[in-house]
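K.L.:
Let me begin by handing over the structure; questions about it come next.
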Amino acid sequence: MRTGAFVYPWDVDGDPAAPELLAGLGLAQVTLAAAYHSTRALTPRHPAHRIVTAEHAAVLYPPDPDRWADRPLRPYPAGRWAPGDSFGRAADALAATGVEVHSWVVLAHNSRLGAEHPETSVVNAYGDRYPWAPCIGRPEVRALLVDLAAEAAVRPGAAGTELESCGWYGLAHLHAHDKTGGVALGEREQYLMSLCFCASCREGYADGGADPDELAAAVRRALEPVWTGAGPAGGLGAPEGPALAWRAATARTLQEDAVAAVRAAAPPGFRVLLHADPDPYRCGADAGTDPAHVLGLADGVVARPPRVGDFAAHARPDTVLAANLSVVAGMGGAPDRLTEDAERTRDAGATELRLYHAGLASDEDLTAVRTALRKLG
């Protein structure tokens, strides 16, 4: 199975040993971050640092000033954690080893955007804003994300791209000093807390036949048993169907527009994948999709192992179904089970592997990865 691994530019840029180390794992591809959200990341082997603090969502290359001139919403350049064309320097170093580079582009996840332009954020049924979650129902947000997809994906040296968060984002977020775990929220509760009620979404619900005030009240009623401990969230009644259909259509058209923009900017043969989930209503990094639709749109998907099979039923002979496997033991991954997990995902329909995350992994983790990839051939 063709195998790639996720890497940040700061894992490679400034470390002369990193490209050969990654190539020596047996990787065919590195998926290198070109646009990424804020994070605090370990760099266990870099000669110049051990912790990188990416203070805000940023592009890891110089954004095109002509593209973004006079636009109030635009990507933020990175600071000292990825100065200048950090992506380009890392991509060149990796390419010199024969490893193919694909760009990794995070779209609807940007806390600085929400802080500086609060009107762009998802607003829940209680009126709380989620500054980390740009609302894709807003035209100005969609315009930003579509142009960002094209610019960040088609970087010099990239043979393809993987678009993350190309859809709705919501409550779930690895936020600073997060204190939201006091009440357990399952998938249904997470979804209800992620429904947006900004002005654009309220208009969308109304156009779809759902009264937005009634829908918001229904969400609050449905969640009341959760807050009191009386039971799980209930249903929303009549407004739920048209409201969710509008949200699914909104995500679908964003995905269409983003992929079309990338293809228009890319050379022939450039491969476009989406990080995706087969539930069209799911929020987050793996955006909710209709499997048949997204596989007719993109060259394939990157999906969590339990979800790969849902896409396999709609795959063409040339469709890429990349199973996303965690190999960082300290973050709950299982590098020592990579061989077995790879074979299991292949049986479920996966054609490729993505390993999360070669830059964060310990030496011991990478030794297990190297051994497993040799076994897999």
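Naming works like this for the structure tokens: A, B, ... for the chains as they're shown, residue 1 at the start of each chain, ligands 1 onward in shown order.
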Please provide as an MDAnalysis selection string all residues within 10 Å of Ala298 (chain A), with the sequence filter that same-chain residues fewer than 3 positions apart are discarded (counting only C-alpha atoms).

P.N.:
chainID A and resid 255:256 259:260 263 271:274 293:295 301 319:320

K.L.:
Write out as a count of residues only all residues of region 52-266 of chain A that DSSP puts in strand (DSSP E or B) for this structure's backbone.

P.N.:
29

K.L.:
Considering only C-alpha atoms, can you say which of A:Arg80, A:Arg67, A:His56, A:Arg89 comes closest to Asp15 (chain A)?

P.N.:
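Looking only at the distances to Asp15 (chain A), the closest residue turns out to be A:Arg89.
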
K.L.:
Neighbouring residues of Gly359 (chain A) were defined as those with any atom within 12 Å, considering only C-alpha atoms; residues of the same chain fewer than 5 positions away were excluded. Please report them as a count of residues only.

P.N.:
31

K.L.:
Can you work out the spacing between CA of Pro72 (chain A) and CA of Ala90 (chain A) in Å, to one decimal?

P.N.:
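Straight-line distance from CA of Pro72 (chain A) to CA of Ala90 (chain A) works out to 29.9 Å.
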
K.L.:
Please identify every residue of region 35-56 of chain A that has at least one atom no farther than 8 Å from an atom of region 107-122 of chain A, counting only C-alpha atoms, and for each give the shortest atom pair and the distance in Å to one decimal, arranged by chain then increasing number, as a tab-separated table.

P.N.:
```
residue	atom	partner	partner_atom	distance
A:Ala35	CA	A:Leu107	CA	7.7
A:Tyr36	CA	A:Leu107	CA	8.0
A:His37	CA	A:Asn110	CA	5.9
A:Ser38	CA	A:Ser111	CA	7.6
A:His56	CA	A:Arg112	CA	5.9
```

K.L.:
Write the residues you've just listed into a file as a PDB file, in the first residue's frame, and include all heavy atoms for each of them.

P.N.:
```
ATOM      1  N   ALA A  35      -1.265  25.344   5.025  1.00  0.00           N
ATOM      2  CA  ALA A  35      -2.130  26.268   5.773  1.00  0.00           C
ATOM      3  C   ALA A  35      -2.635  25.490   6.974  1.00  0.00           C
ATOM      4  O   ALA A  35      -3.228  24.421   6.822  1.00  0.00           O
ATOM      5  CB  ALA A  35      -3.300  26.747   4.910  1.00  0.00           C
ATOM      6  N   TYR A  36      -2.397  26.042   8.176  1.00  0.00           N
ATOM      7  CA  TYR A  36      -2.657  25.248   9.378  1.00  0.00           C
ATOM      8  C   TYR A  36      -3.172  26.134  10.495  1.00  0.00           C
ATOM      9  O   TYR A  36      -2.894  27.339  10.538  1.00  0.00           O
ATOM     10  CB  TYR A  36      -1.371  24.524   9.824  1.00  0.00           C
ATOM     11  CG  TYR A  36      -1.650  23.287  10.637  1.00  0.00           C
ATOM     12  CD1 TYR A  36      -2.161  22.149  10.027  1.00  0.00           C
ATOM     13  CD2 TYR A  36      -1.428  23.262  12.002  1.00  0.00           C
ATOM     14  CE1 TYR A  36      -2.442  21.016  10.766  1.00  0.00           C
ATOM     15  CE2 TYR A  36      -1.702  22.130  12.752  1.00  0.00           C
ATOM     16  CZ  TYR A  36      -2.222  21.008  12.126  1.00  0.00           C
ATOM     17  OH  TYR A  36      -2.505  19.890  12.858  1.00  0.00           O
ATOM     18  N   HIS A  37      -3.940  25.531  11.403  1.00  0.00           N
ATOM     19  CA  HIS A  37      -4.493  26.261  12.542  1.00  0.00           C
ATOM     20  C   HIS A  37      -3.432  26.433  13.634  1.00  0.00           C
ATOM     21  O   HIS A  37      -2.328  25.877  13.561  1.00  0.00           O
ATOM     22  CB  HIS A  37      -5.716  25.530  13.096  1.00  0.00           C
ATOM     23  CG  HIS A  37      -5.455  24.090  13.441  1.00  0.00           C
ATOM     24  ND1 HIS A  37      -4.743  23.707  14.549  1.00  0.00           N
ATOM     25  CD2 HIS A  37      -5.837  22.933  12.817  1.00  0.00           C
ATOM     26  CE1 HIS A  37      -4.683  22.382  14.601  1.00  0.00           C
ATOM     27  NE2 HIS A  37      -5.335  21.888  13.565  1.00  0.00           N
ATOM     28  N   SER A  38      -3.765  27.198  14.660  1.00  0.00           N
ATOM     29  CA  SER A  38      -2.841  27.385  15.780  1.00  0.00           C
ATOM     30  C   SER A  38      -2.601  26.053  16.479  1.00  0.00           C
ATOM     31  O   SER A  38      -3.486  25.198  16.553  1.00  0.00           O
ATOM     32  CB  SER A  38      -3.406  28.407  16.767  1.00  0.00           C
ATOM     33  OG  SER A  38      -4.675  27.988  17.252  1.00  0.00           O
ATOM     34  N   HIS A  56      -1.249  31.399  15.782  1.00  0.00           N
ATOM     35  CA  HIS A  56      -2.548  31.584  15.140  1.00  0.00           C
ATOM     36  C   HIS A  56      -2.577  30.813  13.833  1.00  0.00           C
ATOM     37  O   HIS A  56      -1.539  30.385  13.311  1.00  0.00           O
ATOM     38  CB  HIS A  56      -2.834  33.074  14.891  1.00  0.00           C
ATOM     39  CG  HIS A  56      -1.776  33.776  14.069  1.00  0.00           C
ATOM     40  ND1 HIS A  56      -1.659  33.625  12.701  1.00  0.00           N
ATOM     41  CD2 HIS A  56      -0.788  34.634  14.430  1.00  0.00           C
ATOM     42  CE1 HIS A  56      -0.662  34.346  12.247  1.00  0.00           C
ATOM     43  NE2 HIS A  56      -0.103  34.975  13.282  1.00  0.00           N
TER      44      HIS A  56
END
```

K.L.:
Check the smallest atom-to-atom distance from each of A:Gly332, A:Asp341, A:Gln29, A:Arg220 to Gly127 (chain A) using only C-alpha atoms, then report the winner.

P.N.:
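Of all the options, A:Arg220 lies closest to Gly127 (chain A).
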
K.L.:
Near Gly182 (chain A), counting only C-alpha atoms, which residues have an atom at most 12 Å away, once you skip same-chain residues fewer than 6 positions from it, shown as a VMD selection string?

P.N.:
chain A and resid 226 to 227 229

K.L.:
Enumerate as a tab-separated table (two decimals) with N, CA and C atoms, in the first residue's frame all residues of region 277-342 of chain A assigned to alpha helix (DSSP H) by DSSP on the backbone, naming them with the chain letters and numbers the document uses.

P.N.:
```tsv
chain	number	residue	atom	x	y	z
A	291	PRO	N	-20.81	10.22	0.38
A	291	PRO	CA	-19.69	9.48	-0.23
A	291	PRO	C	-19.76	9.41	-1.75
A	292	ALA	N	-20.93	9.14	-2.32
A	292	ALA	CA	-21.02	9.05	-3.77
A	292	ALA	C	-20.69	10.39	-4.42
A	293	HIS	N	-21.16	11.47	-3.82
A	293	HIS	CA	-20.91	12.78	-4.40
A	293	HIS	C	-19.44	13.16	-4.31
A	294	VAL	N	-18.84	13.02	-3.14
A	294	VAL	CA	-17.47	13.49	-2.97
A	294	VAL	C	-16.50	12.67	-3.80
A	295	LEU	N	-16.78	11.38	-3.99
A	295	LEU	CA	-15.89	10.56	-4.80
A	295	LEU	C	-16.09	10.78	-6.29
A	296	GLY	N	-17.19	11.41	-6.67
A	296	GLY	CA	-17.34	11.86	-8.04
A	296	GLY	C	-16.73	13.22	-8.27
A	297	LEU	N	-16.38	13.89	-7.20
A	297	LEU	CA	-15.86	15.26	-7.25
A	297	LEU	C	-14.34	15.28	-7.13
A	305	PRO	N	-10.17	4.89	10.00
A	305	PRO	CA	-10.36	3.49	9.61
A	305	PRO	C	-11.80	2.99	9.68
A	306	PRO	N	-12.58	3.31	10.74
A	306	PRO	CA	-13.95	2.76	10.74
A	306	PRO	C	-14.82	3.28	9.60
A	307	ARG	N	-14.43	4.38	9.00
A	307	ARG	CA	-15.26	5.02	7.98
A	307	ARG	C	-14.85	4.67	6.56
A	308	VAL	N	-13.70	4.07	6.38
A	308	VAL	CA	-13.21	3.81	5.02
A	308	VAL	C	-14.19	2.95	4.24
A	309	GLY	N	-14.75	1.94	4.90
A	309	GLY	CA	-15.66	1.03	4.21
A	309	GLY	C	-16.88	1.71	3.63
A	310	ASP	N	-17.36	2.78	4.28
A	310	ASP	CA	-18.52	3.50	3.77
A	310	ASP	C	-18.21	4.17	2.44
A	311	PHE	N	-16.96	4.57	2.24
A	311	PHE	CA	-16.57	5.16	0.97
A	311	PHE	C	-16.27	4.09	-0.08
A	312	ALA	N	-15.80	2.93	0.35
A	312	ALA	CA	-15.37	1.89	-0.60
A	312	ALA	C	-16.49	1.47	-1.53
A	338	LEU	N	0.82	-1.27	13.58
A	338	LEU	CA	0.61	-0.70	12.27
A	338	LEU	C	0.41	-1.76	11.20
A	339	THR	N	1.17	-2.83	11.25
A	339	THR	CA	1.02	-3.88	10.24
A	339	THR	C	-0.40	-4.44	10.26
A	340	GLU	N	-0.87	-4.81	11.44
A	340	GLU	CA	-2.21	-5.39	11.55
A	340	GLU	C	-3.29	-4.37	11.17
A	341	ASP	N	-3.12	-3.11	11.62
A	341	ASP	CA	-4.11	-2.10	11.30
A	341	ASP	C	-4.15	-1.81	9.81
A	342	ALA	N	-2.98	-1.81	9.17
A	342	ALA	CA	-2.93	-1.57	7.73
A	342	ALA	C	-3.63	-2.68	6.97
```

K.L.:
Please report the interatomic distance between CA of Asp277 (chain A) and CA of Val146 (chain A) in Å with one decimal.

P.N.:
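About the pair CA of Asp277 (chain A) and CA of Val146 (chain A): they are 19.8 Å apart.
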
K.L.:
Using only C-alpha atoms, can you tell me which of A:Trp104, A:Tyr205, A:Tyr191, A:Phe197 comes closest to Leu148 (chain A)?

P.N.:
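Of A:Trp104, A:Tyr205, A:Tyr191, A:Phe197, the one nearest Leu148 (chain A), counting only C-alpha atoms, is A:Trp104.
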
K.L.:
List the spatial neighbours of Pro62 (chain A) as number ranges by chain - criterion: any atom at most 10 Å away, only C-alpha atoms, same-chain residues fewer than 6 positions off excluded.

P.N.:
A: 75-78, 83-88, 152

K.L.:
Please, could you write that set of residues out with N, CA and C atoms as an mmCIF file, in the first residue's frame?

P.N.:
```
data_model
loop_
_atom_site.group_PDB
_atom_site.id
_atom_site.type_symbol
_atom_site.label_atom_id
_atom_site.label_comp_id
_atom_site.auth_asym_id
_atom_site.auth_seq_id
_atom_site.Cartn_x
_atom_site.Cartn_y
_atom_site.Cartn_z
ATOM 1 N N PRO A 75 -5.834 35.330 4.410
ATOM 2 C CA PRO A 75 -5.015 34.464 5.272
ATOM 3 C C PRO A 75 -3.946 35.265 5.994
ATOM 4 N N TYR A 76 -3.569 34.758 7.159
ATOM 5 C CA TYR A 76 -2.538 35.398 7.958
ATOM 6 C C TYR A 76 -1.188 34.733 7.686
ATOM 7 N N PRO A 77 -0.162 35.514 7.408
ATOM 8 C CA PRO A 77 1.173 34.904 7.301
ATOM 9 C C PRO A 77 1.607 34.351 8.659
ATOM 10 N N ALA A 78 2.452 33.330 8.614
ATOM 11 C CA ALA A 78 2.992 32.776 9.858
ATOM 12 C C ALA A 78 4.008 33.731 10.455
ATOM 13 N N PRO A 83 8.813 31.147 9.262
ATOM 14 C CA PRO A 83 9.042 32.417 8.560
ATOM 15 C C PRO A 83 9.209 32.231 7.055
ATOM 16 N N GLY A 84 8.783 33.258 6.316
ATOM 17 C CA GLY A 84 8.987 33.238 4.871
ATOM 18 C C GLY A 84 8.302 32.055 4.217
ATOM 19 N N ASP A 85 9.001 31.441 3.267
ATOM 20 C CA ASP A 85 8.441 30.276 2.574
ATOM 21 C C ASP A 85 8.927 29.001 3.235
ATOM 22 N N SER A 86 8.479 28.784 4.455
ATOM 23 C CA SER A 86 8.875 27.589 5.195
ATOM 24 C C SER A 86 8.399 26.335 4.472
ATOM 25 N N PHE A 87 7.173 26.385 3.930
ATOM 26 C CA PHE A 87 6.676 25.235 3.155
ATOM 27 C C PHE A 87 7.614 24.936 1.993
ATOM 28 N N GLY A 88 7.980 25.955 1.233
ATOM 29 C CA GLY A 88 8.817 25.734 0.062
ATOM 30 C C GLY A 88 10.169 25.151 0.402
ATOM 31 N N ALA A 152 -3.182 27.756 -1.342
ATOM 32 C CA ALA A 152 -2.369 26.935 -0.437
ATOM 33 C C ALA A 152 -2.137 25.539 -0.980
#
```

K.L.:
Fewer than 5 positions away in the same chain doesn't count, so skip those; otherwise give me all residues within 10 Å of Ser326 (chain A), counting only C-alpha atoms, as a ChimeraX atom specification.

P.N.:
/A:5,304,331-335,338,354-358,361

K.L.:
Please produce an output containing C-alpha atoms for each residue in the selection, written as a PDB file, in the first residue's frame.

P.N.:
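And here is the file that came out, result-v6.pdb:
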```
ATOM      1  CA  ALA A   5       2.816  10.690   6.578  1.00  0.00           C
ATOM      2  CA  ARG A 304     -10.581   7.303   9.800  1.00  0.00           C
ATOM      3  CA  MET A 331      -1.172  10.643  21.731  1.00  0.00           C
ATOM      4  CA  GLY A 332      -3.013   7.316  21.799  1.00  0.00           C
ATOM      5  CA  GLY A 333      -1.623   5.914  18.550  1.00  0.00           C
ATOM      6  CA  ALA A 334      -0.465   2.344  18.024  1.00  0.00           C
ATOM      7  CA  PRO A 335       2.708   2.205  15.931  1.00  0.00           C
ATOM      8  CA  LEU A 338       0.609  -0.698  12.267  1.00  0.00           C
ATOM      9  CA  ARG A 354      -1.708   8.175   6.023  1.00  0.00           C
ATOM     10  CA  LEU A 355       0.320   8.158   9.200  1.00  0.00           C
ATOM     11  CA  TYR A 356      -0.348  10.811  11.814  1.00  0.00           C
ATOM     12  CA  HIS A 357       2.202  12.236  12.493  1.00  0.00           C
ATOM     13  CA  ALA A 358       5.855  11.657  11.576  1.00  0.00           C
ATOM     14  CA  ALA A 361       6.417  10.769  16.779  1.00  0.00           C
TER      15      ALA A 361
END
```

K.L.:
Of the candidates A:Glu100, A:Glu164, A:Glu343, A:Asp336, which shows the shortest atom-to-atom distance to Asp286 (chain A), using only C-alpha atoms?

P.N.:
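Residue with the minimum atom-to-atom distance to Asp286 (chain A): A:Glu164.
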
K.L.:
Point out the residue among A:Ala210, A:Leu254, A:Val183, A:Leu73 with the least atom-to-atom distance to Gly231 (chain A), counting only C-alpha atoms.

P.N.:
A:Val183

K.L.:
Taking only C-alpha atoms into account, name the residue in A:Ala93, A:Leu373, A:Ile136, A:Ala159 that is nearest to Ala266 (chain A).

P.N.:
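The answer is A:Ala159, which sits nearest to Ala266 (chain A).
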
K.L.:
Leaving out Ala287 (chain A) and any residue of its chain fewer than 4 positions from it, which residues lie within 10 Å of it when counting only C-alpha atoms, given as a PyMOL selection string?

P.N.:
chain A and resi 108+163-169+251-252+255+274-283+303

K.L.:
Just to be explicit: take each residue in the selection above, keep N, CA and C atoms, and write the result as a tab-separated table (two decimals), in the first residue's frame.

P.N.:
```
chain	number	residue	atom	x	y	z
A	108	ALA	N	-11.73	25.52	7.27
A	108	ALA	CA	-12.69	26.16	8.19
A	108	ALA	C	-12.33	25.92	9.65
A	163	LEU	N	-7.32	18.43	1.53
A	163	LEU	CA	-8.06	19.52	2.12
A	163	LEU	C	-8.76	19.04	3.38
A	164	GLU	N	-8.41	19.64	4.50
A	164	GLU	CA	-9.01	19.31	5.80
A	164	GLU	C	-10.01	20.40	6.18
A	165	SER	N	-11.02	20.04	6.95
A	165	SER	CA	-12.03	20.99	7.42
A	165	SER	C	-12.71	21.71	6.26
A	166	CYS	N	-12.96	20.99	5.19
A	166	CYS	CA	-13.65	21.56	4.03
A	166	CYS	C	-15.15	21.30	4.19
A	167	GLY	N	-15.73	21.98	5.18
A	167	GLY	CA	-17.13	21.79	5.53
A	167	GLY	C	-17.41	22.50	6.84
A	168	TRP	N	-18.45	22.07	7.53
A	168	TRP	CA	-18.84	22.72	8.79
A	168	TRP	C	-17.87	22.39	9.91
A	169	TYR	N	-17.54	23.39	10.72
A	169	TYR	CA	-16.87	23.18	11.99
A	169	TYR	C	-17.86	23.54	13.08
A	251	ALA	N	-22.46	22.57	2.77
A	251	ALA	CA	-21.15	21.92	2.79
A	251	ALA	C	-20.81	21.34	1.43
A	252	ARG	N	-21.80	20.76	0.80
A	252	ARG	CA	-21.58	20.13	-0.50
A	252	ARG	C	-21.11	21.15	-1.54
A	255	GLN	N	-17.54	22.25	-0.95
A	255	GLN	CA	-16.60	21.24	-1.43
A	255	GLN	C	-16.47	21.29	-2.95
A	274	LEU	N	-9.99	14.92	-0.06
A	274	LEU	CA	-10.64	15.60	1.06
A	274	LEU	C	-10.56	14.73	2.29
A	275	HIS	N	-10.26	15.33	3.43
A	275	HIS	CA	-10.44	14.66	4.72
A	275	HIS	C	-11.95	14.61	4.96
A	276	ALA	N	-12.50	13.43	5.08
A	276	ALA	CA	-13.95	13.33	4.97
A	276	ALA	C	-14.53	12.27	5.89
A	277	ASP	N	-15.80	12.45	6.19
A	277	ASP	CA	-16.60	11.49	6.96
A	277	ASP	C	-17.86	11.19	6.13
A	278	PRO	N	-18.35	9.96	6.15
A	278	PRO	CA	-19.51	9.62	5.32
A	278	PRO	C	-20.84	10.12	5.86
A	279	ASP	N	-20.86	10.66	7.08
A	279	ASP	CA	-22.08	11.27	7.62
A	279	ASP	C	-22.14	12.71	7.13
A	280	PRO	N	-23.11	13.06	6.26
A	280	PRO	CA	-23.11	14.40	5.67
A	280	PRO	C	-23.29	15.52	6.68
A	281	TYR	N	-23.72	15.19	7.90
A	281	TYR	CA	-23.98	16.23	8.90
A	281	TYR	C	-22.83	16.40	9.89
A	282	ARG	N	-21.76	15.65	9.71
A	282	ARG	CA	-20.67	15.71	10.70
A	282	ARG	C	-19.87	17.00	10.55
A	283	CYS	N	-19.47	17.54	11.72
A	283	CYS	CA	-18.64	18.75	11.76
A	283	CYS	C	-17.21	18.35	12.13
A	303	ALA	N	-9.73	9.20	5.41
A	303	ALA	CA	-10.78	8.92	6.38
A	303	ALA	C	-10.25	8.07	7.52
```

K.L.:
Report, in Å with one decimal, the straight-line distance from CA of Thr3 (chain A) to CA of His314 (chain A).

P.N.:
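According to the coordinates, CA of Thr3 (chain A) and CA of His314 (chain A) are separated by 21.7 Å.
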